[in-house]
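Student: Dropping in run_37.pdb, which is PDB, C-alpha atoms:
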ATOM      1  CA  ILE A   1       9.590 -97.518 -75.411
ATOM      2  CA  ALA A   2      10.428 -99.927 -78.233
ATOM      3  CA  ALA A   3       8.943-102.889 -76.336
ATOM      4  CA  ALA A   4       5.753-100.959 -75.554
ATOM      5  CA  GLU A   5       5.391-100.214 -79.270
ATOM      6  CA  GLN A   6       6.232-103.832 -80.138
ATOM      7  CA  VAL A   7       9.296-102.751 -82.106
ATOM      8  CA  ARG A   8      12.172-105.214 -82.124
ATOM      9  CA  LEU A   9      15.554-103.509 -81.844
ATOM     10  CA  ILE A  10      18.782-105.359 -82.457
ATOM     11  CA  PHE A  11      22.009-103.595 -81.591
ATOM     12  CA  THR A  12      25.221-104.830 -83.141
ATOM     13  CA  THR A  13      28.781-103.712 -83.710
ATOM     14  CA  ALA A  14      30.779-104.092 -86.924
ATOM     15  CA  ASP A  15      33.671-102.429 -88.703
ATOM     16  CA  TRP A  16      31.979-100.254 -91.329
ATOM     17  CA  ARG A  17      34.849-100.682 -93.747
ATOM     18  CA  PHE A  18      33.934-104.369 -94.028
ATOM     19  CA  ILE A  19      30.284-104.335 -92.990
ATOM     20  CA  ARG A  20      29.119-106.072 -96.162
ATOM     21  CA  GLU A  21      31.133-109.126 -95.098
ATOM     22  CA  GLU A  22      29.281-109.247 -91.744
ATOM     23  CA  PHE A  23      25.655-109.101 -92.923
ATOM     24  CA  ARG A  24      23.601-110.201 -95.909
ATOM     25  CA  VAL A  25      21.930-107.909 -98.458
ATOM     26  CA  GLY A  26      18.685-106.433 -97.131
ATOM     27  CA  SER A  27      19.460-107.340 -93.496
ATOM     28  CA  PHE A  28      18.241-104.092 -91.951
ATOM     29  CA  GLN A  29      15.218-101.814 -92.283
ATOM     30  CA  THR A  30      17.080 -98.876 -90.740
ATOM     31  CA  ILE A  31      20.718 -98.109 -89.983
ATOM     32  CA  LEU A  32      21.567 -95.305 -87.539
ATOM     33  CA  LEU A  33      24.941 -93.569 -87.683
ATOM     34  CA  MET A  34      24.896 -91.283 -84.695
ATOM     35  CA  GLY A  35      27.511 -89.332 -82.805
ATOM     36  CA  ASN A  36      28.959 -87.640 -85.869
ATOM     37  CA  SER A  37      30.484 -91.038 -86.547
ATOM     38  CA  LEU A  38      31.039 -90.905 -90.333
ATOM     39  CA  GLY A  39      33.847 -88.447 -89.714
ATOM     40  CA  LEU A  40      35.676 -91.011 -87.585
ATOM     41  CA  LEU A  41      36.689 -93.011 -90.635
ATOM     42  CA  SER A  42      40.216 -92.451 -91.970
ATOM     43  CA  SER A  43      39.449 -91.059 -95.419
ATOM     44  CA  ILE A  44      36.733 -89.827 -97.740
ATOM     45  CA  GLN A  45      37.183 -93.043 -99.728
ATOM     46  CA  GLU A  46      36.420 -95.119 -96.622
ATOM     47  CA  VAL A  47      33.289 -92.991 -96.066
ATOM     48  CA  ARG A  48      32.153 -93.585 -99.664
ATOM     49  CA  ASP A  49      32.880 -97.325 -99.510
ATOM     50  CA  SER A  50      31.073 -97.692 -96.179
ATOM     51  CA  LEU A  51      27.984 -95.813 -97.410
ATOM     52  CA  ARG A  52      27.797 -98.031-100.513
ATOM     53  CA  GLN A  53      27.993-101.148 -98.349
ATOM     54  CA  MET A  54      25.316 -99.836 -95.973
ATOM     55  CA  CYS A  55      23.022 -99.123 -98.906
ATOM     56  CA  LEU A  56      23.361-102.787 -99.913
ATOM     57  CA  LEU A  57      22.328-103.889 -96.427
ATOM     58  CA  LEU A  58      18.985-102.087 -96.747
ATOM     59  CA  PRO A  59      15.960-103.326 -98.705
ATOM     60  CA  PRO A  60      14.093-100.951-101.051
ATOM     61  CA  GLY A  61      12.504 -98.312 -98.824
ATOM     62  CA  GLY A  62      15.077 -98.913 -96.055
ATOM     63  CA  LYS A  63      16.585 -95.862 -94.397
ATOM     64  CA  LEU A  64      20.023 -94.720 -93.337
ATOM     65  CA  ILE A  65      20.005 -91.940 -90.728
ATOM     66  CA  VAL A  66      23.224 -89.961 -90.264
ATOM     67  CA  ASP A  67      23.872 -87.053 -87.919
ATOM     68  CA  GLN A  68      26.687 -84.682 -88.728
ATOM     69  CA  ARG A  69      28.133 -81.586 -87.083
ATOM     70  CA  ASN A  70      27.875 -78.311 -88.940
ATOM     71  CA  TYR A  71      31.352 -78.516 -90.452
ATOM     72  CA  ASP A  72      30.394 -75.855 -92.976
ATOM     73  CA  TYR A  73      30.297 -73.372 -90.072
ATOM     74  CA  ILE A  74      33.387 -74.828 -88.379
ATOM     75  CA  LEU A  75      35.585 -74.527 -91.487
ATOM     76  CA  ARG A  76      34.169 -71.118 -92.441
ATOM     77  CA  SER A  77      34.710 -69.745 -88.891
ATOM     78  CA  ARG A  78      38.053 -71.411 -88.198
ATOM     79  CA  ARG A  79      39.895 -68.296 -86.983
ATOM     80  CA  ALA A  80      37.123 -67.133 -84.604
ATOM     81  CA  ILE A  81      36.570 -70.651 -83.222
ATOM     82  CA  LEU A  82      40.267 -71.140 -82.481
ATOM     83  CA  GLN A  83      40.234 -67.787 -80.679
ATOM     84  CA  GLY A  84      37.524 -69.114 -78.367
ATOM     85  CA  GLU A  85      34.335 -68.070 -80.152
ATOM     86  CA  PHE A  86      32.761 -71.486 -80.790
ATOM     87  CA  ARG A  87      28.997 -71.250 -81.178
ATOM     88  CA  TYR A  88      27.167 -74.313 -79.883
ATOM     89  CA  SER A  89      23.677 -74.224 -78.405
ATOM     90  CA  ARG A  90      23.671 -77.650 -76.623
ATOM     91  CA  ARG A  91      19.907 -77.678 -77.278
ATOM     92  CA  TYR A  92      19.505 -80.584 -79.714
ATOM     93  CA  ILE A  93      22.281 -83.162 -79.593
ATOM     94  CA  TYR A  94      24.948 -83.574 -76.921
ATOM     95  CA  CYS A  95      23.167 -81.503 -74.311
ATOM     96  CA  GLY A  96      25.376 -82.382 -71.336
ATOM     97  CA  GLU A  97      26.920 -79.842 -69.009
ATOM     98  CA  SER A  98      29.755 -81.780 -67.348
ATOM     99  CA  ILE A  99      31.951 -82.164 -70.453
ATOM    100  CA  MET A 100      32.225 -79.446 -73.077
ATOM    101  CA  GLY A 101      33.584 -80.119 -76.552
ATOM    102  CA  ARG A 102      35.026 -77.605 -78.970
ATOM    103  CA  PRO A 103      37.418 -77.619 -81.913
ATOM    104  CA  VAL A 104      41.040 -77.144 -80.880
ATOM    105  CA  ASP A 105      42.603 -77.688 -84.311
ATOM    106  CA  ILE A 106      40.916 -77.093 -87.666
ATOM    107  CA  SER A 107      42.186 -77.853 -91.157
ATOM    108  CA  GLU A 108      40.473 -78.695 -94.434
ATOM    109  CA  SER A 109      41.196 -82.397 -93.864
ATOM    110  CA  ARG A 110      40.815 -82.818 -90.063
ATOM    111  CA  VAL A 111      39.044 -81.210 -87.131
ATOM    112  CA  VAL A 112      40.261 -82.122 -83.671
ATOM    113  CA  PHE A 113      37.750 -81.637 -80.875
ATOM    114  CA  GLY A 114      39.002 -81.153 -77.337
ATOM    115  CA  TYR A 115      36.745 -82.315 -74.518
ATOM    116  CA  PHE A 116      36.998 -80.354 -71.298
ATOM    117  CA  ALA A 117      35.757 -81.054 -67.764
ATOM    118  CA  GLY A 118      33.888 -78.320 -65.897
ATOM    119  CA  THR A 119      37.205 -77.254 -64.377
ATOM    120  CA  GLY A 120      38.576 -76.551 -67.857
ATOM    121  CA  ARG A 121      40.918 -79.570 -67.769
ATOM    122  CA  LEU A 122      41.323 -81.339 -71.119
ATOM    123  CA  VAL A 123      40.079 -84.917 -70.702
ATOM    124  CA  GLY A 124      40.375 -86.129 -74.298
ATOM    125  CA  THR A 125      40.505 -85.341 -77.984
ATOM    126  CA  LEU A 126      38.857 -86.754 -81.067
ATOM    127  CA  SER A 127      40.055 -86.241 -84.647
ATOM    128  CA  MET A 128      37.455 -86.268 -87.434
ATOM    129  CA  ILE A 129      37.105 -85.657 -91.159
ATOM    130  CA  PRO A 130      35.129 -82.413 -91.591
ATOM    131  CA  LEU A 131      32.364 -83.638 -93.894
ATOM    132  CA  LEU A 132      30.535 -80.716 -95.446
ATOM    133  CA  SER A 133      26.754 -80.998 -95.823
ATOM    134  CA  ALA A 134      26.779 -80.892 -99.622
ATOM    135  CA  ALA A 135      29.488 -83.571 -99.737
ATOM    136  CA  VAL A 136      27.540 -85.907 -97.431
ATOM    137  CA  ARG A 137      24.402 -85.444 -99.538
ATOM    138  CA  GLU A 138      26.372 -86.189-102.729
ATOM    139  CA  MET A 139      28.010 -89.268-101.200
ATOM    140  CA  LEU A 140      24.633 -90.612-100.076
ATOM    141  CA  GLN A 141      23.129 -90.084-103.525
ATOM    142  CA  SER A 142      26.097 -91.610-105.340
ATOM    143  CA  SER A 143      26.012 -94.598-102.939
ATOM    144  CA  GLY A 144      22.607 -95.660-104.233
ATOM    145  CA  PHE A 145      20.122 -93.805-102.069
ATOM    146  CA  SER A 146      17.191 -92.529-104.119
ATOM    147  CA  ARG A 147      15.963 -89.850-101.734
ATOM    148  CA  VAL A 148      17.930 -87.777 -99.228
ATOM    149  CA  GLU A 149      16.338 -85.328 -96.805
ATOM    150  CA  ALA A 150      18.223 -83.043 -94.437
ATOM    151  CA  PHE A 151      17.024 -81.790 -91.069
ATOM    152  CA  TYR A 152      18.859 -78.913 -89.416
ATOM    153  CA  ASP A 153      18.625 -79.213 -85.625
ATOM    154  CA  PHE A 154      15.603 -81.426 -86.402
ATOM    155  CA  ALA A 155      13.878 -78.832 -88.620
ATOM    156  CA  LEU A 156      13.467 -78.966 -92.404
ATOM    157  CA  ALA A 157      14.375 -75.308 -92.808
ATOM    158  CA  ARG A 158      18.071 -74.527 -92.564
ATOM    159  CA  SER A 159      18.755 -71.787 -90.035
ATOM    160  CA  ALA A 160      21.894 -69.683 -90.155
ATOM    161  CA  SER A 161      23.128 -71.132 -86.862
ATOM    162  CA  TYR A 162      22.299 -74.846 -86.834
ATOM    163  CA  ASP A 163      24.543 -77.163 -84.810
ATOM    164  CA  PHE A 164      23.809 -80.482 -86.513
ATOM    165  CA  VAL A 165      22.352 -81.772 -89.742
ATOM    166  CA  THR A 166      20.612 -85.137 -89.761
ATOM    167  CA  PHE A 167      20.344 -86.850 -93.130
ATOM    168  CA  VAL A 168      17.611 -89.391 -93.767
ATOM    169  CA  ALA A 169      18.513 -91.361 -96.876
ATOM    170  CA  GLU A 170      16.040 -93.801 -98.394
ATOM    171  CA  LYS A 171      17.044 -96.636-100.686
TER     172      LYS A 171
END
Using the file provided, produce a representation of the structure as structure tokens.

Tutor:
Amino acid sequence: IAAAEQVRLIFTTADWRFIREEFRVGSFQTILLMGNSLGLLSSIQEVRDSLRQMCLLLPPGGKLIVDQRNYDYILRSRRAILQGEFRYSRRYIYCGESIMGRPVDISESRVVFGYFAGTGRLVGTLSMIPLLSAAVREMLQSSGFSRVEAFYDFALARSASYDFVTFVAEK
């Protein structure tokens, strides 16, 4: 699709904690952080530092797009989720059927997701920082982004049962 639209995409890999050392100021028009990936960093300070560095890599008007699980719901519903009542529509992001993910351990500082095969066998885990929506918005704003919009399951209006929030932050 990108080629048909004459859009040049360059995919690269870098350690976010040191991304400013890898690329020059204004290198990118858009940076995508998908897969709930901000929460994979080790600490809130690493998240803040990485967002500041990414802001530097964008020119004025450049955009950072970040998708994030609804950790507000996960932390608020900890007891019910750990008893097997995890609400997840699989309609917007991560729509697969062969592997199912759900929180298996929830604390204020970490959420561990277990990933289960169709047979119910645990095939892996992933530990993440549970970044609340308001905290992500604040971190984006304090990192130098002038405008931050949030989309809840790709809609501007926040529903009571959204799965993901996608932030679009403009420098």

Student: Quick check, in Å to one decimal: how far apart do atom CA of Tyr73 of chain A and atom CA of Ala169 of chain A lie?

Tutor: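 We find that atom CA of Tyr73 of chain A and atom CA of Ala169 of chain A lie 22.6 Å from each other.
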
Student: Given the file shown, enumerate the residues that the PyMOL selection byres ((chain A and resi 141) around 12) captures and present them as an mmCIF file with C-alpha atoms, in the coordinates of the input.

Tutor:
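result-v6.cif written:
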data_model
loop_
_atom_site.group_PDB
_atom_site.id
_atom_site.type_symbol
_atom_site.label_atom_id
_atom_site.label_comp_id
_atom_site.auth_asym_id
_atom_site.auth_seq_id
_atom_site.Cartn_x
_atom_site.Cartn_y
_atom_site.Cartn_z
ATOM 1 C CA ARG A 48 32.153 -93.585 -99.664
ATOM 2 C CA LEU A 51 27.984 -95.813 -97.410
ATOM 3 C CA ARG A 52 27.797 -98.031 -100.513
ATOM 4 C CA CYS A 55 23.022 -99.123 -98.906
ATOM 5 C CA LEU A 64 20.023 -94.720 -93.337
ATOM 6 C CA ALA A 134 26.779 -80.892 -99.622
ATOM 7 C CA ALA A 135 29.488 -83.571 -99.737
ATOM 8 C CA VAL A 136 27.540 -85.907 -97.431
ATOM 9 C CA ARG A 137 24.402 -85.444 -99.538
ATOM 10 C CA GLU A 138 26.372 -86.189 -102.729
ATOM 11 C CA MET A 139 28.010 -89.268 -101.200
ATOM 12 C CA LEU A 140 24.633 -90.612 -100.076
ATOM 13 C CA SER A 142 26.097 -91.610 -105.340
ATOM 14 C CA SER A 143 26.012 -94.598 -102.939
ATOM 15 C CA GLY A 144 22.607 -95.660 -104.233
ATOM 16 C CA PHE A 145 20.122 -93.805 -102.069
ATOM 17 C CA SER A 146 17.191 -92.529 -104.119
ATOM 18 C CA ARG A 147 15.963 -89.850 -101.734
ATOM 19 C CA VAL A 148 17.930 -87.777 -99.228
ATOM 20 C CA GLU A 149 16.338 -85.328 -96.805
ATOM 21 C CA PHE A 167 20.344 -86.850 -93.130
ATOM 22 C CA VAL A 168 17.611 -89.391 -93.767
ATOM 23 C CA ALA A 169 18.513 -91.361 -96.876
ATOM 24 C CA GLU A 170 16.040 -93.801 -98.394
ATOM 25 C CA LYS A 171 17.044 -96.636 -100.686
#

Student: Looking at A:Ile10, A:Val66, A:Ile44, A:Ile19, which one is nearest to Leu32 of chain A, with distances taken over all atoms listed in the file?

Tutor: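 Among A:Ile10, A:Val66, A:Ile44, A:Ile19, it is A:Val66 that comes nearest to Leu32 of chain A.
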
Student: Measuring atom to atom with all atoms listed in the file, identify which of A:Leu56, A:Val165, A:Ile81, A:Ala3 is nearest to Gly35 of chain A.

Tutor: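 Comparing A:Leu56, A:Val165, A:Ile81, A:Ala3 against Gly35 of chain A, the winner is A:Val165.
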
Student: If you apply the PyMOL selection byres ((chain A and resi 18) around 10) to this file, what residues do you get, as a list of chain:residue names?

Tutor: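 With the PyMOL selection byres ((chain A and resi 18) around 10) on this model, the match is A:Ala14, A:Asp15, A:Trp16, A:Arg17, A:Ile19, A:Arg20, A:Glu21, A:Glu22, A:Phe23, A:Glu46, A:Asp49, A:Ser50, A:Gln53, A:Met54.
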
Student: Under the rule that only C-alpha atoms are counted, which of A:Met100, A:Leu82, A:Ile31, A:Val111 is the nearest residue to Val123 of chain A?

Tutor: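 So, comparing all the options, the nearest one is A:Met100.
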
Student: Point out the residue among A:Thr12, A:Ser161, A:Thr125, A:Gln29 with the least atom-to-atom distance to Gly101 of chain A, counting only C-alpha atoms.

Tutor: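 The shortest atom-to-atom distance to Gly101 of chain A comes from A:Thr125.
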
Student: Write out as a VMD selection string the residues lying within 9 Å of Gly84 of chain A, counting only C-alpha atoms and excluding same-chain residues fewer than 4 positions away.

Tutor: chain A and resid 79 to 80 102

Student: At what distance in Å, to one decimal, does atom CA of Phe164 of chain A lie from atom CA of Ser37 of chain A?

Tutor: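 We find that atom CA of Ser37 of chain A and atom CA of Phe164 of chain A lie 12.5 Å from each other.
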
Student: Once 3 Å is added on each side, what centre and edge lengths in Å to one decimal does the axis-aligned box around all listed atoms of segment 77-86 of chain A have, as AutoDock Vina command-line options?

Tutor:
--center_x 36.5 --center_y -69.3 --center_z -83.6 --size_x 13.5 --size_y 10.4 --size_z 16.5

Student: Can you tell me how far atom CA of Gly114 of chain A sits from atom CA of Ser42 of chain A, in Å to one decimal?

Tutor: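 The value is 18.5 Å.
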
Student: Which residue out of A:Arg110, A:Arg121, A:Arg158, A:Lys63 has the minimum interatomic distance to Leu40 of chain A when only C-alpha atoms are used?

Tutor: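 Ranked by minimum distance to Leu40 of chain A, first place goes to A:Arg110.
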
Student: For Ile129 of chain A, which residue out of A:Phe151, A:Glu108, A:Tyr71, A:Gly39 is the nearest one, using all atoms listed in the file?

Tutor: A:Gly39

Student: Quick one: which residues end up in the PyMOL selection byres ((chain A and resi 27) around 8) for this structure, as a ChimeraX atom specification?

Tutor: /A:23-26,28-29,57-59

Student: Which residues are close to Leu132 of chain A, i.e. within 9 Å by only C-alpha atoms, leaving aside same-chain residues fewer than 6 positions away? Reply as a ChimeraX atom specification.

Tutor: /A:68-72,75
